[in-house]
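Text of protein.csv (CSV, C-alpha atoms) as supplied:
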```
chain,number,residue,atom,x,y,z
A,32,SER,CA,18.4,-24.2,-76.0
A,33,ASN,CA,16.6,-21.0,-75.2
A,34,PHE,CA,16.1,-20.1,-78.9
A,35,ARG,CA,13.9,-21.6,-81.5
A,36,ILE,CA,14.6,-20.9,-85.2
A,37,PRO,CA,11.6,-19.1,-86.7
A,38,TRP,CA,10.3,-20.2,-90.1
A,39,GLU,CA,11.3,-16.8,-91.6
A,40,LEU,CA,14.9,-17.7,-90.9
A,41,LYS,CA,14.8,-21.4,-91.5
A,42,LYS,CA,13.4,-21.0,-95.0
A,43,GLN,CA,16.4,-18.9,-95.9
A,44,LEU,CA,18.7,-21.7,-94.8
A,45,LEU,CA,17.0,-24.6,-96.6
A,46,GLY,CA,19.3,-26.4,-99.1
A,47,LEU,CA,22.5,-24.4,-98.1
A,48,ARG,CA,25.7,-25.9,-96.9
A,49,GLY,CA,27.0,-25.1,-93.4
A,50,THR,CA,29.6,-22.6,-94.6
A,51,GLU,CA,26.7,-20.7,-96.3
A,52,TRP,CA,23.9,-20.9,-93.7
A,53,ALA,CA,26.1,-20.4,-90.6
A,54,PRO,CA,27.0,-16.8,-91.2
A,55,ILE,CA,23.3,-16.0,-91.9
A,56,MET,CA,22.4,-17.7,-88.6
A,57,LEU,CA,25.0,-15.9,-86.6
A,58,GLU,CA,24.0,-12.5,-88.0
A,59,TYR,CA,20.4,-13.2,-87.2
A,60,ALA,CA,21.4,-14.1,-83.6
A,61,LYS,CA,23.2,-10.7,-83.2
A,62,LYS,CA,20.2,-8.7,-84.6
A,63,HIS,CA,17.3,-10.6,-83.0
A,64,TRP,CA,18.6,-12.5,-80.0
A,65,GLY,CA,20.9,-9.9,-78.5
A,66,VAL,CA,24.1,-12.0,-79.0
A,67,GLN,CA,27.0,-9.6,-78.8
A,68,SER,CA,30.8,-9.9,-79.1
A,69,ALA,CA,32.7,-10.4,-75.9
A,70,THR,CA,33.9,-6.8,-75.9
A,71,ASN,CA,30.4,-5.5,-75.9
A,72,SER,CA,28.8,-7.9,-73.4
A,73,ASP,CA,29.4,-9.9,-70.3
A,74,LEU,CA,28.1,-12.9,-72.2
A,75,PRO,CA,30.4,-15.3,-74.0
A,76,ALA,CA,31.3,-14.2,-77.5
A,77,PRO,CA,29.4,-16.0,-80.4
A,78,PRO,CA,31.4,-18.8,-82.0
A,79,GLU,CA,33.3,-18.5,-85.2
A,80,VAL,CA,31.7,-20.1,-88.2
A,81,PRO,CA,33.6,-23.4,-88.2
A,82,GLU,CA,33.1,-23.8,-84.4
A,83,PHE,CA,29.4,-23.1,-84.8
A,84,ILE,CA,29.0,-25.6,-87.7
A,85,ALA,CA,30.8,-28.3,-85.7
A,86,ALA,CA,28.6,-27.8,-82.6
A,87,TRP,CA,25.4,-27.6,-84.7
A,88,GLU,CA,26.2,-30.8,-86.6
A,89,HIS,CA,27.2,-32.6,-83.4
A,90,HIS,CA,23.7,-32.1,-82.0
A,91,LEU,CA,22.1,-32.7,-85.4
A,92,ASN,CA,23.9,-36.0,-86.0
A,93,ASN,CA,22.5,-37.2,-82.7
A,94,MET,CA,19.0,-36.9,-84.2
A,95,CYS,CA,19.7,-38.1,-87.7
A,96,GLU,CA,18.8,-41.7,-87.0
A,97,GLU,CA,15.3,-40.6,-85.9
A,98,ILE,CA,14.5,-38.6,-89.1
A,99,ASP,CA,11.5,-40.0,-91.0
A,100,ALA,CA,11.4,-40.2,-94.8
A,101,CYS,CA,9.4,-37.6,-96.7
A,102,LYS,CA,5.8,-38.7,-97.4
A,103,GLY,CA,5.8,-40.9,-100.4
A,104,ALA,CA,9.6,-41.2,-100.7
A,105,VAL,CA,9.9,-44.9,-99.9
A,106,GLU,CA,7.1,-45.8,-102.4
A,107,LEU,CA,8.5,-43.6,-105.1
A,108,VAL,CA,12.1,-45.0,-104.7
A,109,ALA,CA,10.8,-48.5,-104.9
A,110,ALA,CA,8.8,-47.8,-108.0
A,111,LEU,CA,11.8,-46.2,-109.7
A,112,ALA,CA,14.0,-49.0,-108.7
A,113,LYS,CA,11.7,-51.5,-110.4
A,114,THR,CA,12.1,-49.6,-113.7
A,115,GLY,CA,15.9,-49.7,-113.5
A,116,ILE,CA,16.2,-45.9,-113.5
A,117,PRO,CA,19.6,-45.0,-111.9
A,118,MET,CA,19.3,-42.8,-108.8
A,119,ALA,CA,21.5,-40.5,-106.7
A,120,ILE,CA,21.3,-38.5,-103.6
A,121,ALA,CA,22.7,-35.0,-103.9
A,122,THR,CA,22.5,-33.2,-100.6
A,123,SER,CA,24.1,-30.2,-99.0
A,124,SER,CA,24.3,-32.2,-95.7
A,125,ARG,CA,27.8,-33.4,-94.7
A,126,HIS,CA,28.8,-37.0,-95.3
A,127,SER,CA,28.8,-37.8,-91.6
A,128,GLY,CA,25.1,-36.8,-91.2
A,129,VAL,CA,24.0,-38.6,-94.3
A,130,MET,CA,25.6,-41.8,-93.0
A,131,LYS,CA,23.7,-41.4,-89.8
A,132,LYS,CA,20.4,-41.2,-91.7
A,133,ARG,CA,21.4,-44.2,-93.8
A,134,LYS,CA,21.3,-46.4,-90.8
A,135,ARG,CA,17.5,-46.1,-90.6
A,136,HIS,CA,16.7,-45.9,-94.3
A,137,GLU,CA,19.2,-48.3,-95.8
A,138,THR,CA,16.8,-51.0,-97.0
A,139,THR,CA,14.1,-48.6,-98.2
A,140,ILE,CA,16.0,-45.8,-99.8
A,141,PHE,CA,19.8,-45.9,-99.7
A,142,GLN,CA,20.3,-49.4,-101.1
A,143,HIS,CA,18.7,-48.2,-104.3
A,144,MET,CA,21.1,-45.3,-104.8
A,145,GLN,CA,24.0,-45.7,-107.2
A,146,VAL,CA,25.6,-42.4,-106.1
A,147,ILE,CA,25.7,-40.2,-103.1
A,148,VAL,CA,27.2,-36.7,-103.3
A,149,THR,CA,27.3,-34.6,-100.1
A,150,GLY,CA,27.9,-30.9,-99.5
A,151,ASP,CA,31.4,-31.5,-98.2
A,152,ASP,CA,32.5,-33.6,-101.2
A,153,PRO,CA,35.7,-32.1,-102.6
A,154,ALA,CA,34.2,-32.1,-106.1
A,155,VAL,CA,31.5,-29.8,-105.0
A,156,LYS,CA,33.2,-26.4,-105.1
A,157,ASN,CA,30.1,-24.3,-104.8
A,158,GLY,CA,26.9,-25.0,-102.9
A,159,LYS,CA,23.3,-24.7,-104.0
A,160,PRO,CA,22.0,-22.7,-105.9
A,161,ALA,CA,25.1,-23.3,-108.0
A,162,PRO,CA,24.8,-26.3,-110.2
A,163,ASP,CA,27.9,-28.1,-109.0
A,164,ILE,CA,26.4,-30.9,-106.9
A,165,TYR,CA,23.9,-32.0,-109.5
A,166,LEU,CA,26.4,-31.8,-112.3
A,167,GLU,CA,28.7,-34.1,-110.2
A,168,ALA,CA,25.9,-36.5,-109.4
A,169,ALA,CA,25.0,-36.8,-113.1
A,170,LYS,CA,28.6,-37.3,-114.0
A,171,ARG,CA,29.0,-40.1,-111.5
A,172,LEU,CA,25.8,-41.7,-112.8
A,173,ASN,CA,27.1,-41.3,-116.3
A,174,VAL,CA,23.9,-39.6,-117.3
A,175,ASP,CA,23.6,-36.3,-119.2
A,176,PRO,CA,22.1,-33.7,-116.9
A,177,SER,CA,19.4,-33.0,-119.4
A,178,LYS,CA,18.2,-36.5,-118.9
A,179,CYS,CA,18.0,-36.2,-115.1
A,180,LEU,CA,15.1,-35.3,-112.8
A,181,VAL,CA,15.8,-33.5,-109.6
A,182,LEU,CA,13.5,-33.7,-106.6
A,183,GLU,CA,13.8,-30.7,-104.3
A,184,ASP,CA,12.1,-29.1,-101.3
A,185,ALA,CA,14.3,-26.0,-101.2
A,186,LEU,CA,14.3,-23.1,-103.7
A,187,SER,CA,18.1,-23.0,-103.7
A,188,GLY,CA,18.0,-26.7,-104.7
A,189,VAL,CA,15.4,-26.0,-107.4
A,190,ARG,CA,17.6,-23.3,-108.8
A,191,SER,CA,20.6,-25.6,-108.6
A,192,GLY,CA,18.9,-28.3,-110.5
A,193,LYS,CA,17.7,-26.0,-113.2
A,194,SER,CA,21.2,-24.3,-113.5
A,195,ALA,CA,22.6,-27.8,-114.1
A,196,GLY,CA,20.2,-28.3,-117.0
A,197,CYS,CA,18.0,-30.9,-115.2
A,198,ALA,CA,14.3,-31.2,-115.0
A,199,VAL,CA,13.1,-30.3,-111.5
A,200,LEU,CA,10.1,-31.5,-109.4
A,201,ALA,CA,9.6,-29.3,-106.4
A,202,VAL,CA,7.9,-30.4,-103.2
A,203,PRO,CA,7.9,-27.1,-101.2
A,204,ASP,CA,7.2,-26.9,-97.5
A,205,THR,CA,3.6,-26.2,-96.7
A,206,ARG,CA,4.6,-23.2,-94.6
A,207,PHE,CA,5.6,-21.2,-97.7
A,208,THR,CA,3.2,-18.3,-98.5
A,209,ALA,CA,1.2,-18.2,-101.7
A,210,ASP,CA,3.6,-15.7,-103.2
A,211,GLU,CA,6.6,-17.9,-102.3
A,212,LEU,CA,5.0,-20.9,-103.8
A,213,ARG,CA,4.5,-19.0,-107.0
A,214,VAL,CA,8.3,-18.6,-107.2
A,215,PHE,CA,8.6,-22.4,-107.0
A,216,GLU,CA,6.0,-22.7,-109.7
A,217,ASP,CA,7.9,-20.2,-111.9
A,218,THR,CA,11.2,-22.0,-111.4
A,219,ALA,CA,10.5,-25.7,-111.2
A,220,ASP,CA,9.0,-27.8,-114.1
A,221,VAL,CA,6.5,-29.4,-111.8
A,222,VAL,CA,5.3,-28.6,-108.2
A,223,VAL,CA,3.5,-31.2,-106.1
A,224,GLU,CA,2.3,-31.2,-102.5
A,225,ASP,CA,4.1,-34.4,-101.6
A,226,LEU,CA,5.7,-37.3,-103.4
A,227,THR,CA,2.5,-39.4,-103.5
A,228,ARG,CA,1.2,-37.0,-106.1
A,229,PHE,CA,4.0,-37.8,-108.5
A,230,GLU,CA,3.3,-40.5,-111.1
A,231,GLY,CA,6.1,-39.7,-113.6
A,232,THR,CA,3.8,-39.1,-116.6
A,233,GLN,CA,4.9,-35.5,-116.8
A,234,PHE,CA,8.3,-36.8,-117.7
A,235,GLY,CA,7.3,-39.7,-119.8
A,236,TRP,CA,7.8,-42.3,-117.1
A,237,LEU,CA,5.5,-45.2,-116.3
A,238,LEU,CA,5.3,-46.0,-112.6
A,239,ASN,CA,3.3,-48.8,-111.0
A,240,GLY,CA,1.7,-49.6,-114.3
A,241,LYS,CA,0.0,-46.2,-114.5
A,242,PRO,CA,-0.4,-44.9,-118.1
```
Could I get this structure in the form of structure tokens?
Amino acid sequence: SNFRIPWELKKQLLGLRGTEWAPIMLEYAKKHWGVQSATNSDLPAPPEVPEFIAAWEHHLNNMCEEIDACKGAVELVAALAKTGIPMAIATSSRHSGVMKKRKRHETTIFQHMQVIVTGDDPAVKNGKPAPDIYLEAAKRLNVDPSKCLVLEDALSGVRSGKSAGCAVLAVPDTRFTADELRVFEDTADVVVEDLTRFEGTQFGWLLNGKP
């Protein structure tokens, strides 16, 4: 509770599964927060990766029911649902955390999803930026990946979607620098500030009657 994750670290972890971000986090703690092994310090030894992930997710799950939807997400999902476009959630989060979030957003988002693929799904062998999770989501939707549009806020997710052969709309965090945003622009098909800016015309979709 005495440490706050800086943005420089957090942006490296976005979109990664626990088994991938936890080692990065623990290494950062050793270098920057003075966390040492038990043999080198009177302080308790840092946890092993599985123990750290379990403790982290225990605290995170307690907050999941309070998480707000991204700006424009509810309206966009409703508009897509009216068109009959099949939708899926493909997230690096574990199933338990996703089910916690579902309690708050069931009627506005989750009820419109035909498929949910989480980072701990046995079919997802490799986490983002590997294409596995989006290939699996497309497979379960029975839609060719080339016909899918991925919405992502993490660069690892943008790369995952592109590797899977999908079109990708990126909604990067406003804290990214201009140089970092250019990487999103070079990688994604379309970049928007938030989901209210997306009308679908870039991909040939008509939403809310807009031409």
As an exercise, work out the distance from atom CA of A:Ser187 to atom CA of A:Arg171 in Å and give it to one decimal place.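 Between atom CA of A:Ser187 and atom CA of A:Arg171 the gap works out to 21.7 Å.
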Can you list, as a PyMOL selection string, every protein, DNA or RNA residue that comes within 12 Å of A:Pro153 when you count only C-alpha atoms, leaving out same-chain residues fewer than 2 positions away? chain A and resi 125-126+148-151+155-158+163-164+167
A straight line from atom CA of A:Val199 to atom CA of A:Ile55 spans 26.3 Å
Excluding A:Leu226 and any residue of its chain fewer than 6 positions from it, enumerate the residues within 10 Å of it, using only C-alpha atoms, and give them as a short mmCIF file (atom, residue, chain, number, x, y, z; two decimals) with C-alpha atoms, keeping the file's coordinate frame.
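out_4.cif was written with the following content:
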```
data_model
loop_
_atom_site.label_atom_id
_atom_site.label_comp_id
_atom_site.auth_asym_id
_atom_site.auth_seq_id
_atom_site.Cartn_x
_atom_site.Cartn_y
_atom_site.Cartn_z
CA CYS A 101 9.40 -37.60 -96.70
CA LYS A 102 5.80 -38.70 -97.40
CA GLY A 103 5.80 -40.90 -100.40
CA ALA A 104 9.60 -41.20 -100.70
CA VAL A 105 9.90 -44.90 -99.90
CA GLU A 106 7.10 -45.80 -102.40
CA LEU A 107 8.50 -43.60 -105.10
CA LEU A 182 13.50 -33.70 -106.60
CA LEU A 200 10.10 -31.50 -109.40
CA ALA A 201 9.60 -29.30 -106.40
CA VAL A 202 7.90 -30.40 -103.20
#
```
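Straight-line separation from atom CA of A:Asp175 to atom CA of A:Ala109: 22.7 Å.
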Taking into account all atoms listed in the file, which residue in the set A:Ile98, A:Ser191, A:Leu212, A:Ala121 is nearest to A:Ala169?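 Looking only at the distances to A:Ala169, the closest residue turns out to be A:Ala121.
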Between A:Lys61, A:His143, A:Lys159, A:Lys42, which is the closest to A:Ser194 once you count only C-alpha atoms?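 Result for the nearest residue to A:Ser194: A:Lys159.
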Across A:Ser177, A:Ser123, A:Thr138, A:Thr232, the smallest distance to A:Pro160, with all atoms listed in the file counted, is shown by A:Ser123
Which of A:Ala161, A:Leu172, A:Val214, A:Ala119 sits closest to A:Gly188 [using all atoms listed in the file]: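 Of the candidates, the smallest distance to A:Gly188 is held by A:Ala161.
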Counting only C-alpha atoms, the residue of A:Lys178, A:Lys132, A:Glu58, A:Glu230 that sits nearest A:Pro117: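 Closest candidate: A:Lys178.
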Considering only C-alpha atoms, can you say which of A:Pro162, A:Gly128, A:Pro54, A:Gly231 comes closest to A:Ile116? A:Gly231
